[in-house]
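Undergrad: run07.csv is reproduced in full below (CSV, N, CA and C atoms).
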chain,number,residue,atom,x,y,z
Z,1,MET,N,67.6,23.1,-18.7
Z,1,MET,CA,66.4,23.7,-19.4
Z,1,MET,C,66.0,24.9,-18.6
Z,2,ALA,N,65.6,26.0,-19.3
Z,2,ALA,CA,65.2,27.2,-18.7
Z,2,ALA,C,63.8,27.0,-18.1
Z,3,THR,N,63.6,27.7,-17.0
Z,3,THR,CA,62.2,27.6,-16.4
Z,3,THR,C,61.5,28.9,-16.8
Z,4,ARG,N,60.3,28.7,-17.2
Z,4,ARG,CA,59.4,29.9,-17.5
Z,4,ARG,C,58.9,30.5,-16.3
Z,5,LYS,N,59.0,31.8,-16.2
Z,5,LYS,CA,58.5,32.6,-15.1
Z,5,LYS,C,57.0,32.8,-15.2
Z,6,GLU,N,56.3,33.0,-14.2
Z,6,GLU,CA,54.9,33.2,-14.2
Z,6,GLU,C,54.7,34.5,-15.0
Z,7,ILE,N,53.6,34.6,-15.8
Z,7,ILE,CA,53.3,35.7,-16.6
Z,7,ILE,C,52.7,36.8,-15.7
Z,8,ASP,N,53.3,38.0,-15.8
Z,8,ASP,CA,52.9,39.1,-15.0
Z,8,ASP,C,51.8,39.9,-15.8
Z,9,GLY,N,50.6,39.8,-15.3
Z,9,GLY,CA,49.5,40.5,-16.0
Z,9,GLY,C,49.6,42.0,-16.1
Z,10,SER,N,50.4,42.6,-15.2
Z,10,SER,CA,50.6,44.0,-15.2
Z,10,SER,C,51.7,44.5,-16.1
Z,11,ALA,N,52.5,43.5,-16.6
Z,11,ALA,CA,53.6,43.9,-17.5
Z,11,ALA,C,53.0,44.3,-18.9
Z,12,GLY,N,53.7,45.2,-19.5
Z,12,GLY,CA,53.2,45.7,-20.8
Z,12,GLY,C,53.7,44.7,-21.9
Z,13,VAL,N,53.3,45.0,-23.1
Z,13,VAL,CA,53.6,44.2,-24.3
Z,13,VAL,C,55.1,44.1,-24.5
Z,14,PRO,N,55.9,45.2,-24.5
Z,14,PRO,CA,57.3,45.0,-24.7
Z,14,PRO,C,58.0,44.1,-23.6
Z,15,GLN,N,57.5,44.2,-22.4
Z,15,GLN,CA,58.1,43.4,-21.3
Z,15,GLN,C,57.7,41.9,-21.5
Z,16,PHE,N,56.5,41.7,-22.0
Z,16,PHE,CA,56.0,40.3,-22.2
Z,16,PHE,C,56.9,39.6,-23.3
Z,17,TYR,N,57.1,40.3,-24.4
Z,17,TYR,CA,57.9,39.7,-25.5
Z,17,TYR,C,59.4,39.7,-25.1
Z,18,GLY,N,59.9,40.6,-24.3
Z,18,GLY,CA,61.2,40.6,-23.8
Z,18,GLY,C,61.5,39.3,-23.0
Z,19,ASN,N,60.5,39.0,-22.1
Z,19,ASN,CA,60.6,37.8,-21.3
Z,19,ASN,C,60.5,36.6,-22.1
Z,20,GLU,N,59.7,36.6,-23.1
Z,20,GLU,CA,59.6,35.4,-24.1
Z,20,GLU,C,61.0,35.2,-24.8
Z,21,LEU,N,61.6,36.3,-25.2
Z,21,LEU,CA,62.9,36.3,-25.9
Z,21,LEU,C,63.9,35.7,-24.9
Z,22,ARG,N,63.9,36.1,-23.7
Z,22,ARG,CA,64.9,35.6,-22.7
Z,22,ARG,C,64.7,34.1,-22.5
Z,23,PHE,N,63.4,33.7,-22.4
Z,23,PHE,CA,63.1,32.3,-22.1
Z,23,PHE,C,63.6,31.4,-23.3
Z,24,LYS,N,63.3,31.9,-24.5
Z,24,LYS,CA,63.7,31.1,-25.7
Z,24,LYS,C,65.2,31.0,-25.8
Z,25,ARG,N,65.9,32.1,-25.6
Z,25,ARG,CA,67.3,32.2,-25.6
Z,25,ARG,C,68.0,31.2,-24.6
Z,26,GLU,N,67.5,31.3,-23.4
Z,26,GLU,CA,68.0,30.4,-22.4
Z,26,GLU,C,67.7,28.9,-22.6
Z,27,GLU,N,66.5,28.7,-23.2
Z,27,GLU,CA,66.1,27.3,-23.5
Z,27,GLU,C,67.0,26.7,-24.6
Z,28,ALA,N,67.5,27.6,-25.5
Z,28,ALA,CA,68.4,27.1,-26.5
Z,28,ALA,C,69.8,27.1,-26.0
Z,29,GLY,N,70.1,27.5,-24.8
Z,29,GLY,CA,71.4,27.5,-24.2
Z,29,GLY,C,72.3,28.5,-24.8
Z,30,LEU,N,71.8,29.7,-25.3
Z,30,LEU,CA,72.6,30.7,-25.8
Z,30,LEU,C,72.8,31.9,-24.9
Z,31,THR,N,74.0,32.5,-25.0
Z,31,THR,CA,74.2,33.7,-24.3
Z,31,THR,C,73.8,34.9,-25.2
Z,32,LEU,N,73.7,36.1,-24.6
Z,32,LEU,CA,73.3,37.3,-25.4
Z,32,LEU,C,74.3,37.4,-26.5
Z,33,GLU,N,75.6,37.2,-26.2
Z,33,GLU,CA,76.7,37.4,-27.2
Z,33,GLU,C,76.5,36.4,-28.4
Z,34,LYS,N,76.2,35.2,-28.1
Z,34,LYS,CA,76.0,34.2,-29.2
Z,34,LYS,C,74.8,34.5,-30.0
Z,35,LEU,N,73.7,35.0,-29.3
Z,35,LEU,CA,72.5,35.3,-30.1
Z,35,LEU,C,72.7,36.5,-31.0
Z,36,VAL,N,73.4,37.5,-30.7
Z,36,VAL,CA,73.6,38.6,-31.5
Z,36,VAL,C,74.7,38.4,-32.6
Z,37,ASP,N,75.5,37.4,-32.4
Z,37,ASP,CA,76.6,37.1,-33.3
Z,37,ASP,C,76.0,36.9,-34.7
Z,38,GLY,N,76.5,37.7,-35.7
Z,38,GLY,CA,76.1,37.6,-37.0
Z,38,GLY,C,75.0,38.7,-37.4
Z,39,SER,N,74.7,39.5,-36.4
Z,39,SER,CA,73.7,40.6,-36.6
Z,39,SER,C,74.5,41.9,-36.4
Z,40,PHE,N,73.8,43.0,-36.7
Z,40,PHE,CA,74.5,44.3,-36.6
Z,40,PHE,C,74.1,45.0,-35.2
Z,41,PHE,N,73.6,44.2,-34.3
Z,41,PHE,CA,73.2,44.7,-33.0
Z,41,PHE,C,74.1,44.2,-31.9
Z,42,GLY,N,74.2,45.0,-30.8
Z,42,GLY,CA,75.0,44.6,-29.7
Z,42,GLY,C,74.3,43.9,-28.6
Z,43,ILE,N,75.1,43.4,-27.7
Z,43,ILE,CA,74.6,42.7,-26.5
Z,43,ILE,C,73.8,43.6,-25.7
Z,44,THR,N,74.2,44.9,-25.4
Z,44,THR,CA,73.4,45.8,-24.6
Z,44,THR,C,72.0,46.0,-25.2
Z,45,TYR,N,72.0,46.2,-26.5
Z,45,TYR,CA,70.7,46.5,-27.2
Z,45,TYR,C,69.8,45.3,-27.0
Z,46,LEU,N,70.3,44.1,-27.1
Z,46,LEU,CA,69.4,42.9,-26.9
Z,46,LEU,C,69.0,42.8,-25.5
Z,47,SER,N,69.9,43.1,-24.6
Z,47,SER,CA,69.5,43.0,-23.2
Z,47,SER,C,68.4,44.0,-22.8
Z,48,GLU,N,68.5,45.2,-23.4
Z,48,GLU,CA,67.4,46.2,-23.2
Z,48,GLU,C,66.1,45.8,-23.8
Z,49,ILE,N,66.1,45.0,-24.9
Z,49,ILE,CA,64.9,44.4,-25.4
Z,49,ILE,C,64.3,43.4,-24.5
Z,50,GLU,N,65.2,42.5,-23.9
Z,50,GLU,CA,64.7,41.5,-23.0
Z,50,GLU,C,64.1,42.1,-21.7
Z,51,HIS,N,64.6,43.3,-21.3
Z,51,HIS,CA,64.0,44.0,-20.1
Z,51,HIS,C,62.8,44.9,-20.5
Z,52,GLY,N,62.5,44.9,-21.7
Z,52,GLY,CA,61.3,45.7,-22.1
Z,52,GLY,C,61.5,47.2,-22.3
Z,53,HIS,N,62.8,47.6,-22.3
Z,53,HIS,CA,63.2,49.0,-22.5
Z,53,HIS,C,63.3,49.5,-23.9
Z,54,ARG,N,63.4,48.5,-24.8
Z,54,ARG,CA,63.5,48.9,-26.3
Z,54,ARG,C,62.6,47.9,-27.1
Z,55,ARG,N,62.2,48.4,-28.2
Z,55,ARG,CA,61.4,47.6,-29.2
Z,55,ARG,C,62.4,46.8,-30.0
Z,56,MET,N,62.0,45.6,-30.5
Z,56,MET,CA,62.9,44.8,-31.4
Z,56,MET,C,62.7,45.3,-32.8
Z,57,PRO,N,63.7,45.7,-33.5
Z,57,PRO,CA,63.6,46.0,-34.9
Z,57,PRO,C,63.3,44.7,-35.7
Z,58,VAL,N,62.7,44.9,-36.9
Z,58,VAL,CA,62.3,43.8,-37.7
Z,58,VAL,C,63.6,43.0,-38.1
Z,59,GLU,N,64.7,43.7,-38.4
Z,59,GLU,CA,65.9,43.0,-38.9
Z,59,GLU,C,66.4,42.1,-37.8
Z,60,LEU,N,66.4,42.6,-36.5
Z,60,LEU,CA,66.9,41.7,-35.4
Z,60,LEU,C,65.9,40.6,-35.2
Z,61,ALA,N,64.6,40.9,-35.3
Z,61,ALA,CA,63.6,39.8,-35.1
Z,61,ALA,C,63.8,38.7,-36.1
Z,62,GLN,N,64.1,39.0,-37.3
Z,62,GLN,CA,64.4,38.0,-38.3
Z,62,GLN,C,65.6,37.2,-38.0
Z,63,HIS,N,66.7,37.8,-37.5
Z,63,HIS,CA,67.9,37.2,-37.1
Z,63,HIS,C,67.6,36.2,-35.9
Z,64,VAL,N,66.9,36.7,-34.9
Z,64,VAL,CA,66.6,35.9,-33.7
Z,64,VAL,C,65.7,34.7,-34.1
Z,65,ASP,N,64.7,34.9,-35.0
Z,65,ASP,CA,63.9,33.8,-35.4
Z,65,ASP,C,64.7,32.7,-36.1
Z,66,ARG,N,65.7,33.2,-36.9
Z,66,ARG,CA,66.5,32.2,-37.6
Z,66,ARG,C,67.4,31.4,-36.7
Z,67,VAL,N,68.0,32.1,-35.7
Z,67,VAL,CA,69.0,31.5,-34.8
Z,67,VAL,C,68.2,30.6,-33.8
Z,68,LEU,N,67.1,31.1,-33.3
Z,68,LEU,CA,66.3,30.3,-32.3
Z,68,LEU,C,65.3,29.3,-32.9
Z,69,LYS,N,65.2,29.4,-34.2
Z,69,LYS,CA,64.3,28.5,-35.0
Z,69,LYS,C,62.8,28.6,-34.4
Z,70,THR,N,62.4,29.9,-34.3
Z,70,THR,CA,61.0,30.2,-33.7
Z,70,THR,C,60.0,30.4,-34.8
Z,71,ASP,N,60.3,30.1,-36.1
Z,71,ASP,CA,59.3,30.1,-37.2
Z,71,ASP,C,58.7,31.5,-37.3
Z,72,GLY,N,59.4,32.5,-37.2
Z,72,GLY,CA,58.9,33.9,-37.4
Z,72,GLY,C,58.1,34.5,-36.3
Z,73,PHE,N,58.1,33.9,-35.1
Z,73,PHE,CA,57.4,34.4,-34.0
Z,73,PHE,C,57.7,35.8,-33.6
Z,74,PHE,N,59.0,36.2,-33.5
Z,74,PHE,CA,59.4,37.5,-33.1
Z,74,PHE,C,59.2,38.5,-34.2
Z,75,GLN,N,59.3,38.1,-35.4
Z,75,GLN,CA,59.1,39.1,-36.5
Z,75,GLN,C,57.6,39.4,-36.6
Z,76,ARG,N,56.7,38.5,-36.4
Z,76,ARG,CA,55.3,38.8,-36.3
Z,76,ARG,C,54.9,39.6,-35.2
Z,77,ARG,N,55.6,39.5,-34.1
Z,77,ARG,CA,55.2,40.3,-32.9
Z,77,ARG,C,55.8,41.7,-32.9
Z,78,CYS,N,56.7,42.1,-33.8
Z,78,CYS,CA,57.2,43.4,-33.8
Z,78,CYS,C,56.1,44.5,-34.0
Z,79,GLU,N,55.1,44.2,-34.8
Z,79,GLU,CA,54.0,45.1,-35.1
Z,79,GLU,C,53.2,45.3,-33.8
Z,80,ASP,N,52.9,44.2,-33.1
Z,80,ASP,CA,52.2,44.3,-31.8
Z,80,ASP,C,52.8,45.2,-30.9
Z,81,VAL,N,54.2,45.1,-30.7
Z,81,VAL,CA,54.9,46.0,-29.8
Z,81,VAL,C,54.9,47.4,-30.3
Z,82,ARG,N,55.0,47.6,-31.6
Z,82,ARG,CA,55.0,49.0,-32.1
Z,82,ARG,C,53.6,49.7,-31.8
Z,83,LYS,N,52.6,48.9,-32.1
Z,83,LYS,CA,51.2,49.5,-31.8
Z,83,LYS,C,51.0,49.8,-30.4
Z,84,LYS,N,51.5,48.9,-29.5
Z,84,LYS,CA,51.3,49.2,-28.1
Z,84,LYS,C,52.1,50.3,-27.5
Z,85,THR,N,53.3,50.4,-28.1
Z,85,THR,CA,54.3,51.5,-27.6
Z,85,THR,C,53.8,52.9,-28.0
Z,86,TYR,N,53.3,53.0,-29.2
Z,86,TYR,CA,52.9,54.4,-29.7
Z,86,TYR,C,51.4,54.6,-29.7
Z,87,GLY,N,50.6,53.5,-29.7
Z,87,GLY,CA,49.2,53.7,-29.6
Z,87,GLY,C,48.6,54.3,-30.8
Z,88,ARG,N,47.3,54.5,-30.8
Z,88,ARG,CA,46.5,55.1,-31.9
Z,88,ARG,C,46.8,56.6,-32.1
Z,89,ARG,N,47.2,57.3,-31.1
Z,89,ARG,CA,47.3,58.7,-31.2
Z,89,ARG,C,48.4,59.2,-32.2
Z,90,SER,N,49.4,58.3,-32.4
Z,90,SER,CA,50.5,58.8,-33.2
Z,90,SER,C,50.3,58.6,-34.7
Z,91,LYS,N,49.5,57.6,-35.1
Z,91,LYS,CA,49.3,57.3,-36.5
Z,91,LYS,C,50.6,57.2,-37.2
Z,92,GLY,N,51.5,56.4,-36.6
Z,92,GLY,CA,52.8,56.1,-37.3
Z,92,GLY,C,53.9,57.1,-37.1
Z,93,LEU,N,53.6,58.2,-36.4
Z,93,LEU,CA,54.6,59.2,-36.1
Z,93,LEU,C,55.2,58.9,-34.7
Z,94,THR,N,56.5,59.1,-34.6
Z,94,THR,CA,57.1,59.1,-33.2
Z,94,THR,C,56.8,60.4,-32.5
Z,95,PRO,N,56.8,60.4,-31.2
Z,95,PRO,CA,56.5,61.7,-30.5
Z,95,PRO,C,57.5,62.8,-31.0
Z,96,ARG,N,58.7,62.5,-31.2
Z,96,ARG,CA,59.7,63.5,-31.6
Z,96,ARG,C,59.3,64.1,-33.0
Z,97,SER,N,58.9,63.3,-33.9
Z,97,SER,CA,58.6,63.9,-35.3
Z,97,SER,C,57.3,64.7,-35.2
Z,98,SER,N,56.4,64.4,-34.3
Z,98,SER,CA,55.2,65.2,-34.2
Z,98,SER,C,55.5,66.6,-33.6
Z,99,LEU,N,56.5,66.6,-32.7
Z,99,LEU,CA,56.9,67.9,-32.2
Z,99,LEU,C,57.6,68.8,-33.2
Z,100,ARG,N,58.4,68.1,-34.1
Z,100,ARG,CA,59.0,68.9,-35.2
Z,100,ARG,C,58.0,69.5,-36.1
Z,101,SER,N,57.0,68.7,-36.4
Z,101,SER,CA,56.0,69.3,-37.4
Z,101,SER,C,55.2,70.4,-36.7
Z,102,ARG,N,55.0,70.3,-35.4
Z,102,ARG,CA,54.3,71.4,-34.7
Z,102,ARG,C,55.1,72.6,-34.7
Z,103,ARG,N,56.4,72.5,-34.5
Z,103,ARG,CA,57.3,73.7,-34.6
Z,103,ARG,C,57.3,74.3,-35.9
Z,104,ARG,N,57.2,73.5,-37.0
Z,104,ARG,CA,57.2,74.1,-38.3
Z,104,ARG,C,55.9,74.9,-38.6
Z,105,ARG,N,54.8,74.5,-38.0
Z,105,ARG,CA,53.6,75.2,-38.2
Z,105,ARG,C,53.6,76.5,-37.5
Z,106,LEU,N,54.2,76.6,-36.3
Z,106,LEU,CA,54.3,77.8,-35.5
Z,106,LEU,C,55.3,78.8,-36.1
Z,107,GLY,N,56.3,78.3,-36.7
Z,107,GLY,CA,57.3,79.2,-37.3
Z,107,GLY,C,58.5,79.5,-36.3
Z,108,PRO,N,59.6,80.1,-36.8
Z,108,PRO,CA,60.7,80.3,-36.0
Z,108,PRO,C,60.4,81.5,-35.0
Z,109,GLY,N,60.8,81.2,-33.8
Z,109,GLY,CA,60.7,82.3,-32.7
Z,109,GLY,C,59.3,82.6,-32.3
Z,110,VAL,N,58.3,81.9,-32.7
Z,110,VAL,CA,56.9,82.1,-32.3
Z,110,VAL,C,56.5,81.0,-31.3
Z,111,SER,N,56.0,81.4,-30.2
Z,111,SER,CA,55.6,80.3,-29.3
Z,111,SER,C,54.1,80.2,-29.3
Z,112,ALA,N,53.6,79.1,-28.8
Z,112,ALA,CA,52.1,78.9,-28.8
Z,112,ALA,C,51.4,79.9,-27.9
Z,113,SER,N,52.1,80.4,-26.9
Z,113,SER,CA,51.4,81.3,-26.0
Z,113,SER,C,51.4,82.7,-26.4
Z,114,GLY,N,52.1,83.1,-27.5
Z,114,GLY,CA,52.1,84.4,-28.0
Z,114,GLY,C,53.4,85.1,-27.6
Z,115,PRO,N,53.5,86.4,-28.0
Z,115,PRO,CA,54.8,87.1,-27.7
Z,115,PRO,C,54.9,87.4,-26.2
Z,116,GLU,N,56.2,87.5,-25.8
Z,116,GLU,CA,56.5,87.8,-24.4
Z,116,GLU,C,56.3,89.3,-24.2
Z,117,ARG,N,55.9,89.7,-23.0
Z,117,ARG,CA,55.6,91.1,-22.7
Z,117,ARG,C,56.6,91.6,-21.7
In structure tokens, how does this file's structure come out?

TA:
Amino acid sequence: MATRKEIDGSAGVPQFYGNELRFKREEAGLTLEKLVDGSFFGITYLSEIEHGHRRMPVELAQHVDRVLKTDGFFQRRCEDVRKKTYGRRSKGLTPRSSLRSRRRRLGPGVSASGPER
């Protein structure tokens, strides 16, 4: 049986759910390979989620919930992680898309600081 590690209060939301995913996977006796089997995601991607480096997509959360029999726990938590990762400032935009829209407003070849001298 897997042993649960102490909860680190300084860890962020993605790390917390990544640790929970690892605990549930190990408790079920599954390897990363067996857990992703039947999904369109790879072992490395799932490992990065467990380490808190990536967010879990809803499709993968549904697959994980089905395999681990967690009654929708990970699917419900996807929104929590998304909110914490991007915060209120983005209003649903990723940082990259907000930069693109800023460039469109400035126009081609125009910088925010003005013309070069």

Undergrad: From the options Z:Ile49, Z:Val13, Z:Leu60, Z:Leu32, which residue's atoms come nearest to Phe74 (chain Z), counting all atoms listed in the file?

TA: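 Using all atoms listed in the file, the shortest distance to Phe74 (chain Z) belongs to Z:Leu60.
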
Undergrad: So that I can check the surroundings of His63 (chain Z), please list as a ChimeraX atom specification every protein, DNA and RNA residue that reaches within 8 Å of it, counting only N, CA and C atoms and ignoring chain neighbours fewer than 5 positions away.

TA: /Z:35-36,38-39,57-58,68-69,75

Undergrad: Rounded to one decimal in Å, what is the spacing between atom C of Asp37 (chain Z) and atom N of Gly12 (chain Z)?

TA: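 Separation between atom C of Asp37 (chain Z) and atom N of Gly12 (chain Z): 28.2 Å.
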
Undergrad: State, in Å with one decimal place, the distance from CA of Glu48 (chain Z) to CA of Asp71 (chain Z).

TA: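 According to the coordinates, CA of Glu48 (chain Z) and CA of Asp71 (chain Z) are separated by 22.8 Å.
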
Undergrad: Restricting the calculation to only N, CA and C atoms, which member of Z:Arg77, Z:Asp65, Z:Lys34, Z:Thr70 is positioned closest to Tyr17 (chain Z)?

TA: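 Between Z:Arg77, Z:Asp65, Z:Lys34, Z:Thr70, the residue approaching Tyr17 (chain Z) most closely is Z:Arg77.
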
Undergrad: Around all the atoms of region 28-46 of chain Z listed in the file, with 8 Å of room on each side, what axis-aligned box do you get, giving centre and edge lengths in Å to one decimal, as lines of an AutoDock Vina configuration file?

TA:
center_x = 72.1
center_y = 36.8
center_z = -30.8
size_x = 25.2
size_y = 35.4
size_z = 29.2

Undergrad: Mind giving me the straight-line distance from atom N of His51 (chain Z) to CA of Gly18 (chain Z) in Å, one decimal?

TA: 5.0 Å

Undergrad: Regenerate region 62-74 of chain Z at the level of N, CA, C and O atoms and dump it as a JSON list (two decimals), in the coordinates of the input.

TA:
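Written output follows (rebuild_7.json):
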[["chain", "number", "residue", "atom", "x", "y", "z"],
["Z", 62, "GLN", "N", 64.10, 39.00, -37.30],
["Z", 62, "GLN", "CA", 64.40, 38.00, -38.30],
["Z", 62, "GLN", "C", 65.60, 37.20, -38.00],
["Z", 62, "GLN", "O", 65.62, 35.94, -38.12],
["Z", 63, "HIS", "N", 66.70, 37.80, -37.50],
["Z", 63, "HIS", "CA", 67.90, 37.20, -37.10],
["Z", 63, "HIS", "C", 67.60, 36.20, -35.90],
["Z", 63, "HIS", "O", 68.03, 35.06, -35.92],
["Z", 64, "VAL", "N", 66.90, 36.70, -34.90],
["Z", 64, "VAL", "CA", 66.60, 35.90, -33.70],
["Z", 64, "VAL", "C", 65.70, 34.70, -34.10],
["Z", 64, "VAL", "O", 65.96, 33.60, -33.64],
["Z", 65, "ASP", "N", 64.70, 34.90, -35.00],
["Z", 65, "ASP", "CA", 63.90, 33.80, -35.40],
["Z", 65, "ASP", "C", 64.70, 32.70, -36.10],
["Z", 65, "ASP", "O", 64.49, 31.54, -35.93],
["Z", 66, "ARG", "N", 65.70, 33.20, -36.90],
["Z", 66, "ARG", "CA", 66.50, 32.20, -37.60],
["Z", 66, "ARG", "C", 67.40, 31.40, -36.70],
["Z", 66, "ARG", "O", 67.52, 30.21, -36.76],
["Z", 67, "VAL", "N", 68.00, 32.10, -35.70],
["Z", 67, "VAL", "CA", 69.00, 31.50, -34.80],
["Z", 67, "VAL", "C", 68.20, 30.60, -33.80],
["Z", 67, "VAL", "O", 68.62, 29.44, -33.53],
["Z", 68, "LEU", "N", 67.10, 31.10, -33.30],
["Z", 68, "LEU", "CA", 66.30, 30.30, -32.30],
["Z", 68, "LEU", "C", 65.30, 29.30, -32.90],
["Z", 68, "LEU", "O", 64.70, 28.54, -32.17],
["Z", 69, "LYS", "N", 65.20, 29.40, -34.20],
["Z", 69, "LYS", "CA", 64.30, 28.50, -35.00],
["Z", 69, "LYS", "C", 62.80, 28.60, -34.40],
["Z", 69, "LYS", "O", 62.18, 27.65, -34.06],
["Z", 70, "THR", "N", 62.40, 29.90, -34.30],
["Z", 70, "THR", "CA", 61.00, 30.20, -33.70],
["Z", 70, "THR", "C", 60.00, 30.40, -34.80],
["Z", 70, "THR", "O", 58.89, 30.88, -34.51],
["Z", 71, "ASP", "N", 60.30, 30.10, -36.10],
["Z", 71, "ASP", "CA", 59.30, 30.10, -37.20],
["Z", 71, "ASP", "C", 58.70, 31.50, -37.30],
["Z", 71, "ASP", "O", 57.44, 31.53, -37.54],
["Z", 72, "GLY", "N", 59.40, 32.50, -37.20],
["Z", 72, "GLY", "CA", 58.90, 33.90, -37.40],
["Z", 72, "GLY", "C", 58.10, 34.50, -36.30],
["Z", 72, "GLY", "O", 57.47, 35.55, -36.44],
["Z", 73, "PHE", "N", 58.10, 33.90, -35.10],
["Z", 73, "PHE", "CA", 57.40, 34.40, -34.00],
["Z", 73, "PHE", "C", 57.70, 35.80, -33.60],
["Z", 73, "PHE", "O", 56.83, 36.70, -33.52],
["Z", 74, "PHE", "N", 59.00, 36.20, -33.50],
["Z", 74, "PHE", "CA", 59.40, 37.50, -33.10],
["Z", 74, "PHE", "C", 59.20, 38.50, -34.20],
["Z", 74, "PHE", "O", 58.82, 39.68, -33.90]]
